[in-house]
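Asker: One file: input.cif (mmCIF, C-alpha atoms).
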```cif
data_input
loop_
_atom_site.label_atom_id
_atom_site.label_comp_id
_atom_site.auth_asym_id
_atom_site.auth_seq_id
_atom_site.Cartn_x
_atom_site.Cartn_y
_atom_site.Cartn_z
CA MET A 1496 26.70 -25.39 35.56
CA ALA A 1497 29.74 -25.50 33.30
CA ASP A 1498 32.38 -22.84 33.74
CA LYS A 1499 33.43 -20.47 30.98
CA GLY A 1500 36.11 -22.85 29.81
CA PHE A 1501 33.56 -25.46 28.89
CA GLY A 1502 33.11 -25.87 25.14
CA VAL A 1503 30.49 -27.67 23.11
CA ARG A 1504 30.80 -27.75 19.34
CA GLU A 1505 27.41 -29.26 18.60
CA ILE A 1506 24.34 -30.50 20.48
CA ASP A 1507 21.86 -32.89 18.91
CA LEU A 1508 18.54 -32.92 20.71
CA ILE A 1509 16.14 -35.79 20.15
CA GLY A 1510 12.66 -35.62 21.59
CA GLY A 1511 11.18 -38.62 23.33
CA ASP A 1512 9.22 -40.94 21.04
CA GLY A 1513 10.14 -38.77 18.08
CA GLY A 1514 8.52 -35.69 19.61
CA THR A 1515 9.87 -32.15 19.83
CA PRO A 1516 12.70 -31.67 22.34
CA PHE A 1517 11.98 -29.13 25.04
CA ILE A 1518 14.50 -26.92 26.82
CA GLU A 1519 13.38 -25.17 29.97
CA SER A 1520 15.41 -22.80 32.11
CA PRO A 1521 14.40 -20.90 35.25
CA ASN A 1522 16.45 -17.97 33.97
CA ASN A 1523 17.19 -16.45 30.59
CA LEU A 1524 18.68 -18.62 27.84
CA ASN A 1525 21.45 -16.55 26.29
CA LEU A 1526 22.80 -17.17 22.81
CA ASN A 1527 26.06 -15.26 22.32
CA ALA A 1528 27.77 -15.85 18.98
CA ASN A 1529 28.83 -14.11 15.79
CA THR A 1530 26.02 -15.83 13.92
CA VAL A 1531 22.82 -17.13 15.49
CA GLY A 1532 20.64 -19.17 13.14
CA VAL A 1533 16.95 -19.39 13.94
CA SER A 1534 15.05 -22.10 12.07
CA THR A 1535 11.82 -21.18 10.32
CA ASN A 1536 10.21 -23.89 12.46
CA MET A 1537 11.44 -22.50 15.77
CA THR A 1538 8.78 -21.53 18.29
CA VAL A 1539 9.59 -18.70 20.67
CA GLY A 1540 7.46 -18.67 23.80
CA GLY A 1541 8.54 -15.33 25.15
CA THR A 1542 10.38 -12.28 23.87
CA LEU A 1543 13.29 -12.91 21.52
CA SER A 1544 15.78 -10.07 21.61
CA VAL A 1545 19.35 -9.32 20.55
CA GLY A 1546 21.22 -7.58 23.35
CA THR A 1547 20.83 -4.00 24.51
CA ASP A 1548 24.43 -2.84 24.11
CA ALA A 1549 25.00 -1.51 20.59
CA THR A 1550 28.79 -1.78 20.96
CA ASN A 1551 28.55 -5.40 22.08
CA ARG A 1552 26.25 -6.21 19.18
CA THR A 1553 28.75 -4.70 16.75
CA GLU A 1554 31.64 -6.67 18.25
CA LEU A 1555 29.64 -9.86 17.92
CA GLY A 1556 28.79 -9.11 14.30
CA ILE A 1557 25.06 -9.26 15.01
CA ARG A 1558 23.18 -7.03 12.57
CA SER A 1559 19.62 -8.33 12.48
CA ILE A 1560 17.43 -11.23 13.46
CA GLY A 1561 14.69 -12.85 11.43
CA ILE A 1562 11.77 -14.72 12.95
CA GLY A 1563 10.26 -17.23 10.56
CA THR A 1564 11.16 -16.65 6.92
CA THR A 1565 14.56 -14.95 6.83
CA ASN A 1566 15.30 -14.27 3.17
CA ALA A 1567 13.62 -12.74 0.14
CA ALA A 1568 13.32 -16.09 -1.69
CA GLY A 1569 11.42 -17.57 1.24
CA ARG A 1570 9.29 -14.47 1.51
CA ASP A 1571 8.31 -14.68 -2.15
CA ALA A 1572 7.50 -18.39 -1.83
CA GLY A 1573 5.45 -17.74 1.30
CA ILE A 1574 7.29 -20.47 3.23
CA ASN A 1575 6.46 -20.78 6.94
CA THR A 1576 5.32 -17.20 7.10
CA ALA A 1577 3.46 -16.10 10.21
CA PRO A 1578 2.16 -12.61 11.10
CA GLY A 1579 4.99 -10.63 12.66
CA THR A 1580 7.70 -12.34 10.60
CA LEU A 1581 10.60 -9.97 9.91
CA ILE A 1582 13.12 -10.11 7.10
CA TYR A 1583 15.74 -7.75 5.74
CA ASP A 1584 15.62 -7.34 1.98
CA THR A 1585 18.65 -5.53 0.58
CA VAL A 1586 16.50 -3.74 -2.01
CA LEU A 1587 13.42 -2.86 0.04
CA GLY A 1588 14.74 -2.79 3.60
CA LEU A 1589 13.17 -4.24 6.74
CA GLN A 1590 9.84 -5.93 6.04
CA VAL A 1591 7.17 -7.39 8.29
CA TYR A 1592 4.41 -9.84 7.33
CA THR A 1593 0.95 -8.63 8.38
CA GLY A 1594 -0.79 -11.93 7.76
CA MET A 1595 -2.03 -10.73 4.37
CA GLN A 1596 0.94 -8.99 2.77
CA TRP A 1597 4.53 -7.85 3.32
CA ARG A 1598 4.92 -4.21 4.38
CA THR A 1599 8.21 -2.36 4.42
CA VAL A 1600 8.73 -0.68 7.78
CA ALA A 1601 12.15 0.82 7.06
CA GLY A 1602 12.88 1.37 3.38
CA THR A 1603 16.43 1.60 2.08
CA SER A 1604 16.07 1.67 -1.70
CA VAL A 1605 16.29 4.85 -3.75
CA ASP A 1606 16.23 3.03 -7.08
CA ALA A 1607 13.77 4.18 -9.69
CA GLY A 1608 10.99 1.74 -10.40
CA GLY A 1609 10.91 0.00 -7.06
CA GLY A 1610 11.02 3.36 -5.36
CA ALA A 1611 11.65 4.21 -1.74
CA GLY A 1612 8.92 5.09 0.71
CA GLY A 1613 7.88 8.65 0.01
CA ASN A 1614 9.95 8.84 -3.20
CA MET A 1615 6.85 9.61 -5.28
CA ALA A 1616 3.59 11.10 -4.08
CA ILE A 1617 0.40 12.30 -5.78
CA VAL A 1618 -1.84 15.01 -4.36
CA VAL A 1619 -5.18 15.70 -6.04
CA THR A 1620 -6.98 19.04 -5.55
CA SER A 1621 -9.84 20.91 -7.20
CA SER A 1622 -10.76 24.55 -7.61
CA ASP A 1623 -14.38 23.38 -7.25
CA ILE A 1624 -13.65 21.67 -3.92
CA ALA A 1625 -11.93 24.12 -1.59
CA ASN A 1626 -11.95 21.69 1.33
CA SER A 1627 -12.27 17.93 1.20
CA GLY A 1628 -15.87 17.19 2.06
CA ASP A 1629 -17.33 20.36 0.52
CA VAL A 1630 -20.96 20.24 -0.60
CA LEU A 1631 -20.99 20.82 -4.36
CA GLY A 1632 -23.79 22.72 -6.07
CA THR A 1633 -26.60 21.07 -8.00
CA ASP A 1634 -24.80 21.75 -11.29
CA PHE A 1635 -22.62 18.71 -10.51
CA ASN A 1636 -25.69 16.46 -10.28
CA TYR A 1637 -26.59 14.08 -13.08
CA ASP A 1638 -28.97 15.48 -15.71
CA GLN A 1639 -31.31 12.46 -15.70
CA PHE A 1640 -33.45 10.46 -13.27
CA GLY A 1641 -34.85 13.62 -11.71
CA CYS A 1642 -31.49 14.67 -10.22
CA GLY A 1643 -31.91 18.16 -11.68
CA GLY A 1644 -28.29 18.90 -12.52
CA ASN A 1645 -26.21 19.93 -15.51
CA ASN A 1646 -23.82 16.97 -15.24
CA THR A 1647 -20.93 19.38 -14.66
CA SER A 1648 -17.62 17.59 -14.13
CA PRO A 1649 -15.36 19.12 -11.46
CA GLN A 1650 -11.99 20.69 -12.22
CA LEU A 1651 -9.11 18.50 -11.02
CA THR A 1652 -5.38 19.02 -10.58
CA TRP A 1653 -2.94 16.31 -9.49
CA THR A 1654 0.53 17.33 -8.37
CA VAL A 1655 3.31 14.75 -8.48
CA THR A 1656 6.42 15.00 -6.33
CA GLY A 1657 9.39 12.65 -6.64
CA THR A 1658 9.90 10.27 -9.55
CA ASN A 1659 9.40 6.64 -10.45
CA THR A 1660 10.46 5.43 -13.88
CA ASP A 1661 7.85 2.65 -13.90
CA VAL A 1662 5.00 5.17 -14.07
CA ALA A 1663 3.59 5.42 -17.60
CA SER A 1664 0.10 6.76 -16.91
CA PHE A 1665 -2.46 7.73 -14.29
CA ARG A 1666 -5.91 6.37 -13.56
CA LEU A 1667 -8.88 8.35 -12.24
CA ARG A 1668 -11.74 6.94 -10.22
CA VAL A 1669 -14.67 8.78 -8.63
CA THR A 1670 -17.01 6.59 -6.60
CA ASP A 1671 -19.99 6.99 -4.29
CA GLU A 1672 -19.08 5.35 -0.98
CA ASP A 1673 -22.72 5.36 0.14
CA ALA A 1674 -23.87 3.40 -2.92
CA ASN A 1675 -21.46 0.44 -2.88
CA ASP A 1676 -18.78 2.50 -4.65
CA PHE A 1677 -21.00 3.23 -7.65
CA ILE A 1678 -18.64 4.55 -10.36
CA HIS A 1679 -19.18 8.15 -11.52
CA TRP A 1680 -15.88 8.70 -13.34
CA SER A 1681 -13.46 6.06 -14.62
CA VAL A 1682 -10.57 6.95 -16.91
CA ASP A 1683 -7.48 4.81 -17.64
CA GLY A 1684 -4.30 5.68 -19.50
CA ILE A 1685 -4.12 9.39 -18.64
CA THR A 1686 -0.68 10.41 -19.91
CA ALA A 1687 1.93 10.92 -17.22
CA ALA A 1688 2.58 14.43 -18.53
CA THR A 1689 -1.04 15.43 -17.83
CA GLY A 1690 -1.63 17.10 -14.49
CA SER A 1691 -5.11 18.58 -14.67
CA ILE A 1692 -8.49 18.69 -16.37
CA ALA A 1693 -10.67 21.81 -16.54
CA GLN A 1694 -14.28 21.89 -15.42
CA ASN A 1695 -16.21 20.06 -18.17
CA GLY A 1696 -12.87 19.72 -19.95
CA THR A 1697 -11.33 16.90 -21.96
CA PHE A 1698 -8.17 14.91 -21.32
CA SER A 1699 -5.10 15.37 -23.48
CA GLY A 1700 -3.89 12.35 -25.42
CA SER A 1701 -6.16 9.35 -25.89
CA PRO A 1702 -7.01 7.88 -22.49
CA THR A 1703 -9.59 5.12 -22.16
CA ILE A 1704 -12.96 6.50 -21.06
CA ASN A 1705 -14.73 3.71 -19.21
CA ALA A 1706 -18.45 3.35 -18.73
CA THR A 1707 -19.82 4.68 -15.46
CA GLY A 1708 -22.45 2.96 -13.39
CA TYR A 1709 -25.03 4.79 -15.54
CA ALA A 1710 -24.15 2.91 -18.71
CA PRO A 1711 -25.64 2.59 -21.27
CA ASN A 1712 -27.09 6.05 -20.54
CA ALA A 1713 -25.17 8.93 -22.06
CA VAL A 1714 -22.65 10.75 -19.88
CA ARG A 1715 -20.36 13.71 -20.50
CA ALA A 1716 -17.79 13.10 -23.28
CA ASN A 1717 -14.93 13.10 -20.75
CA GLY A 1718 -16.59 10.17 -18.97
CA TRP A 1719 -18.15 12.00 -16.02
CA GLY A 1720 -21.54 10.92 -14.74
CA GLY A 1721 -22.78 13.35 -12.10
CA ALA A 1722 -23.92 12.81 -8.55
CA CYS A 1723 -27.46 11.52 -8.12
CA PRO A 1724 -28.28 10.42 -4.58
CA PRO A 1725 -31.85 9.26 -3.86
CA PRO A 1726 -34.31 11.97 -2.74
CA GLY A 1727 -33.66 12.97 0.85
CA ASP A 1728 -30.22 11.34 0.95
CA THR A 1729 -26.75 12.87 1.19
CA HIS A 1730 -23.87 10.87 -0.28
CA THR A 1731 -20.07 11.17 -0.10
CA TYR A 1732 -18.02 10.89 -3.30
CA ASN A 1733 -14.33 9.93 -3.38
CA ILE A 1734 -11.81 11.09 -6.00
CA VAL A 1735 -8.57 9.08 -6.29
CA ILE A 1736 -5.66 9.12 -8.76
CA THR A 1737 -3.39 6.05 -9.04
CA ALA A 1738 -0.13 5.41 -10.95
CA HIS A 1739 0.26 2.58 -13.49
CA ASP A 1740 2.97 1.08 -15.66
CA ALA A 1741 2.97 0.56 -19.43
CA GLY A 1742 1.02 -2.68 -19.02
CA GLY A 1743 -1.65 -1.04 -16.89
CA ALA A 1744 -0.54 -2.64 -13.62
CA ALA A 1745 -0.45 -0.53 -10.47
CA VAL A 1746 3.04 0.77 -9.69
CA THR A 1747 4.16 0.08 -6.14
CA GLN A 1748 6.73 1.54 -3.79
CA ASP A 1749 7.87 -0.67 -0.92
CA GLY A 1750 5.08 -3.08 -1.85
CA VAL A 1751 2.34 -0.43 -1.65
CA ALA A 1752 0.51 0.97 -4.69
CA ILE A 1753 1.19 4.64 -5.45
CA THR A 1754 -2.16 6.29 -4.69
CA SER A 1755 -3.14 9.91 -4.24
CA ASN A 1756 -4.96 11.33 -1.28
CA THR A 1757 -8.73 10.82 -1.37
CA LEU A 1758 -10.46 14.08 -2.26
CA GLN A 1759 -14.10 14.05 -1.18
CA PHE A 1760 -17.22 16.04 -1.89
CA VAL A 1761 -20.79 15.71 -0.68
CA ARG A 1762 -24.06 15.93 -2.64
CA GLY A 1763 -27.63 15.79 -1.47
CA ASN A 1764 -30.87 15.50 -3.39
#
```
Could you write out this structure as structure tokens?

Answerer:
Amino acid sequence: MADKGFGVREIDLIGGDGGTPFIESPNNLNLNANTVGVSTNMTVGGTLSVGTDATNRTELGIRSIGIGTTNAAGRDAGINTAPGTLIYDTVLGLQVYTGMQWRTVAGTSVDAGGGAGGNMAIVVTSSDIANSGDVLGTDFNYDQFGCGGNNTSPQLTWTVTGTNTDVASFRLRVTDEDANDFIHWSVDGITAATGSIAQNGTFSGSPTINATGYAPNAVRANGWGGACPPPGDTHTYNIVITAHDAGGAAVTQDGVAITSNTLQFVRGN
């Protein structure tokens, strides 16, 4: 073993017959330098860590370590990205690749538009649904197909906390999770200033009222098509509000779409 005075400026390793060189040590292999570069093609067999002494790490100038793709350009290009890959993005913060998408695990941005985690939140409630999962009365059933209702649309209120300058409108969806997410209410372009709709009410402005799963049958003018589970069945209905930009695209914060809680109600027939 070389003593501490031994210095090596560069080591070129060439694997036999053009293969991958292999370094094996019975003990730990320690890399101690101001900058440690880890190639995107490097394979780590065990645990890769950076010291345990915070003071020592600071003295060495070590701030973070990336495994796999180590910059935002590589992340966006999807180069050599494996599940568990970590990068530090100066706008978003520390991100990890899940195998399907990048998720920010420690956000740093407070900029409008991109938003920081928790910077904007939407909570949807209803005076007709005291507790998520309440069983609504038959008035909220559809008024056709023997469902015996009045096609009453529920009152909704959505409360927004925080801000995000990319948000131009909201989108409402009510679906039946027990019927392959059959659509009962679908409205796009709800003005950002709107925060509620009364029972059987209409939306302010000129949002786009989309057809429900009942189309071309007539539904309420505000777009609602009531619950109508098959006889003897009880179905669960989900109410969600999402935020969208001027082009209609979902607005994200830290790579995740801004979505309200899911308010639920139950209807039987």

Asker: So what does the PyMOL selection byres ((chain A and resi 1676) around 12) actually pick up in this one, as a list in words?

Answerer: Arg1668, Val1669, Thr1670, Asp1671, Glu1672, Asp1673, Ala1674, Asn1675, Phe1677, Ile1678, His1679, Trp1680, Ser1681, Thr1707, Gly1708, His1730, Thr1731, Tyr1732, Asn1733 and Ile1734 of chain A

Asker: With C-alpha atoms retained, could you export that selection as a PDB file, in the frame of the given file?

Answerer:
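File written: selection_4.pdb
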```
ATOM      1  CA  ARG A1668     -11.740   6.940 -10.220  1.00  0.00           C
ATOM      2  CA  VAL A1669     -14.670   8.780  -8.630  1.00  0.00           C
ATOM      3  CA  THR A1670     -17.010   6.590  -6.600  1.00  0.00           C
ATOM      4  CA  ASP A1671     -19.990   6.990  -4.290  1.00  0.00           C
ATOM      5  CA  GLU A1672     -19.080   5.350  -0.980  1.00  0.00           C
ATOM      6  CA  ASP A1673     -22.720   5.360   0.140  1.00  0.00           C
ATOM      7  CA  ALA A1674     -23.870   3.400  -2.920  1.00  0.00           C
ATOM      8  CA  ASN A1675     -21.460   0.440  -2.880  1.00  0.00           C
ATOM      9  CA  PHE A1677     -21.000   3.230  -7.650  1.00  0.00           C
ATOM     10  CA  ILE A1678     -18.640   4.550 -10.360  1.00  0.00           C
ATOM     11  CA  HIS A1679     -19.180   8.150 -11.520  1.00  0.00           C
ATOM     12  CA  TRP A1680     -15.880   8.700 -13.340  1.00  0.00           C
ATOM     13  CA  SER A1681     -13.460   6.060 -14.620  1.00  0.00           C
ATOM     14  CA  THR A1707     -19.820   4.680 -15.460  1.00  0.00           C
ATOM     15  CA  GLY A1708     -22.450   2.960 -13.390  1.00  0.00           C
ATOM     16  CA  HIS A1730     -23.870  10.870  -0.280  1.00  0.00           C
ATOM     17  CA  THR A1731     -20.070  11.170  -0.100  1.00  0.00           C
ATOM     18  CA  TYR A1732     -18.020  10.890  -3.300  1.00  0.00           C
ATOM     19  CA  ASN A1733     -14.330   9.930  -3.380  1.00  0.00           C
ATOM     20  CA  ILE A1734     -11.810  11.090  -6.000  1.00  0.00           C
TER      21      ILE A1734
END
```

Asker: Fewer than 2 positions away in the same chain doesn't count, so skip those; otherwise give me all residues within 12 Å of A:Thr1620, counting all atoms listed in the file, as a ChimeraX atom specification.

Answerer: /A:1617-1618,1622-1628,1649-1655,1690-1693,1733-1736,1755-1760

Asker: Keeping C-alpha atoms for every residue in the selection just given, could you write it to a file as a short mmCIF file (atom, residue, chain, number, x, y, z; two decimals), in the frame of the given file?

Answerer:
```cif
data_model
loop_
_atom_site.label_atom_id
_atom_site.label_comp_id
_atom_site.auth_asym_id
_atom_site.auth_seq_id
_atom_site.Cartn_x
_atom_site.Cartn_y
_atom_site.Cartn_z
CA ILE A 1617 0.40 12.30 -5.78
CA VAL A 1618 -1.84 15.01 -4.36
CA SER A 1622 -10.76 24.55 -7.61
CA ASP A 1623 -14.38 23.38 -7.25
CA ILE A 1624 -13.65 21.67 -3.92
CA ALA A 1625 -11.93 24.12 -1.59
CA ASN A 1626 -11.95 21.69 1.33
CA SER A 1627 -12.27 17.93 1.20
CA GLY A 1628 -15.87 17.19 2.06
CA PRO A 1649 -15.36 19.12 -11.46
CA GLN A 1650 -11.99 20.69 -12.22
CA LEU A 1651 -9.11 18.50 -11.02
CA THR A 1652 -5.38 19.02 -10.58
CA TRP A 1653 -2.94 16.31 -9.49
CA THR A 1654 0.53 17.33 -8.37
CA VAL A 1655 3.31 14.75 -8.48
CA GLY A 1690 -1.63 17.10 -14.49
CA SER A 1691 -5.11 18.58 -14.67
CA ILE A 1692 -8.49 18.69 -16.37
CA ALA A 1693 -10.67 21.81 -16.54
CA ASN A 1733 -14.33 9.93 -3.38
CA ILE A 1734 -11.81 11.09 -6.00
CA VAL A 1735 -8.57 9.08 -6.29
CA ILE A 1736 -5.66 9.12 -8.76
CA SER A 1755 -3.14 9.91 -4.24
CA ASN A 1756 -4.96 11.33 -1.28
CA THR A 1757 -8.73 10.82 -1.37
CA LEU A 1758 -10.46 14.08 -2.26
CA GLN A 1759 -14.10 14.05 -1.18
CA PHE A 1760 -17.22 16.04 -1.89
#
```

Asker: Write out as a PDB file with C-alpha atoms, keeping the file's coordinate frame each polymer residue whose atoms come within 9 Å of A:Gly1720, counting only C-alpha atoms; drop sequence neighbours fewer than 3 positions from it.

Answerer:
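Saved result, around-v1.pdb, follows:
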```
ATOM      1  CA  PHE A1635     -22.620  18.710 -10.510  1.00  0.00           C
ATOM      2  CA  ASN A1636     -25.690  16.460 -10.280  1.00  0.00           C
ATOM      3  CA  TYR A1637     -26.590  14.080 -13.080  1.00  0.00           C
ATOM      4  CA  ASP A1638     -28.970  15.480 -15.710  1.00  0.00           C
ATOM      5  CA  ASN A1646     -23.820  16.970 -15.240  1.00  0.00           C
ATOM      6  CA  THR A1647     -20.930  19.380 -14.660  1.00  0.00           C
ATOM      7  CA  SER A1648     -17.620  17.590 -14.130  1.00  0.00           C
ATOM      8  CA  ILE A1678     -18.640   4.550 -10.360  1.00  0.00           C
ATOM      9  CA  HIS A1679     -19.180   8.150 -11.520  1.00  0.00           C
ATOM     10  CA  TRP A1680     -15.880   8.700 -13.340  1.00  0.00           C
ATOM     11  CA  THR A1707     -19.820   4.680 -15.460  1.00  0.00           C
ATOM     12  CA  GLY A1708     -22.450   2.960 -13.390  1.00  0.00           C
ATOM     13  CA  TYR A1709     -25.030   4.790 -15.540  1.00  0.00           C
ATOM     14  CA  ALA A1713     -25.170   8.930 -22.060  1.00  0.00           C
ATOM     15  CA  VAL A1714     -22.650  10.750 -19.880  1.00  0.00           C
ATOM     16  CA  ARG A1715     -20.360  13.710 -20.500  1.00  0.00           C
ATOM     17  CA  CYS A1723     -27.460  11.520  -8.120  1.00  0.00           C
TER      18      CYS A1723
END
```

Asker: Go through A:Met1615, A:Ala1663, A:Ile1506, A:Val1591 and flag the residue nearest A:Pro1578, using only C-alpha atoms for the distances.

Answerer: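 Among the listed residues, the smallest separation from A:Pro1578 belongs to A:Val1591.
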
Asker: What's the separation between atom CA of A:Gly1657 and atom CA of A:Leu1581, in Å to one decimal place?

Answerer: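 Interatomic distance here is 28.1 Å.
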
Asker: Name the closest residue to A:Phe1640 among the candidates A:Val1662, A:Ile1518, A:Ala1745, A:Ala1722; distances are taken between atoms, counting only C-alpha atoms.

Answerer: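 Of all the options, A:Ala1722 lies closest to A:Phe1640.
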
Asker: What does the PyMOL selection byres ((chain A and resi 1703) around 6) select in this file, as a PDB file with C-alpha atoms, keeping the file's coordinate frame?

Answerer:
```pdb
ATOM      1  CA  VAL A1682     -10.570   6.950 -16.910  1.00  0.00           C
ATOM      2  CA  ASP A1683      -7.480   4.810 -17.640  1.00  0.00           C
ATOM      3  CA  GLY A1684      -4.300   5.680 -19.500  1.00  0.00           C
ATOM      4  CA  PRO A1702      -7.010   7.880 -22.490  1.00  0.00           C
ATOM      5  CA  ILE A1704     -12.960   6.500 -21.060  1.00  0.00           C
TER       6      ILE A1704
END
```

Asker: Which residue, A:Leu1667, A:Ile1582, A:Val1761, A:Ile1753, has the smallest gap to A:Asn1705 when you use all atoms listed in the file?

Answerer: A:Leu1667

Asker: Rounded to one decimal, what separation in Å do you get between atom CA of A:Gln1748 and atom CA of A:Phe1665?

Answerer: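 Interatomic distance, atom CA of A:Gln1748 to atom CA of A:Phe1665: 15.3 Å.
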
Asker: Would you mind reading off the distance between atom CA of A:Ala1706 and atom CA of A:Pro1726, one decimal, in Å?

Answerer: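 These two atoms are separated by 24.1 Å.
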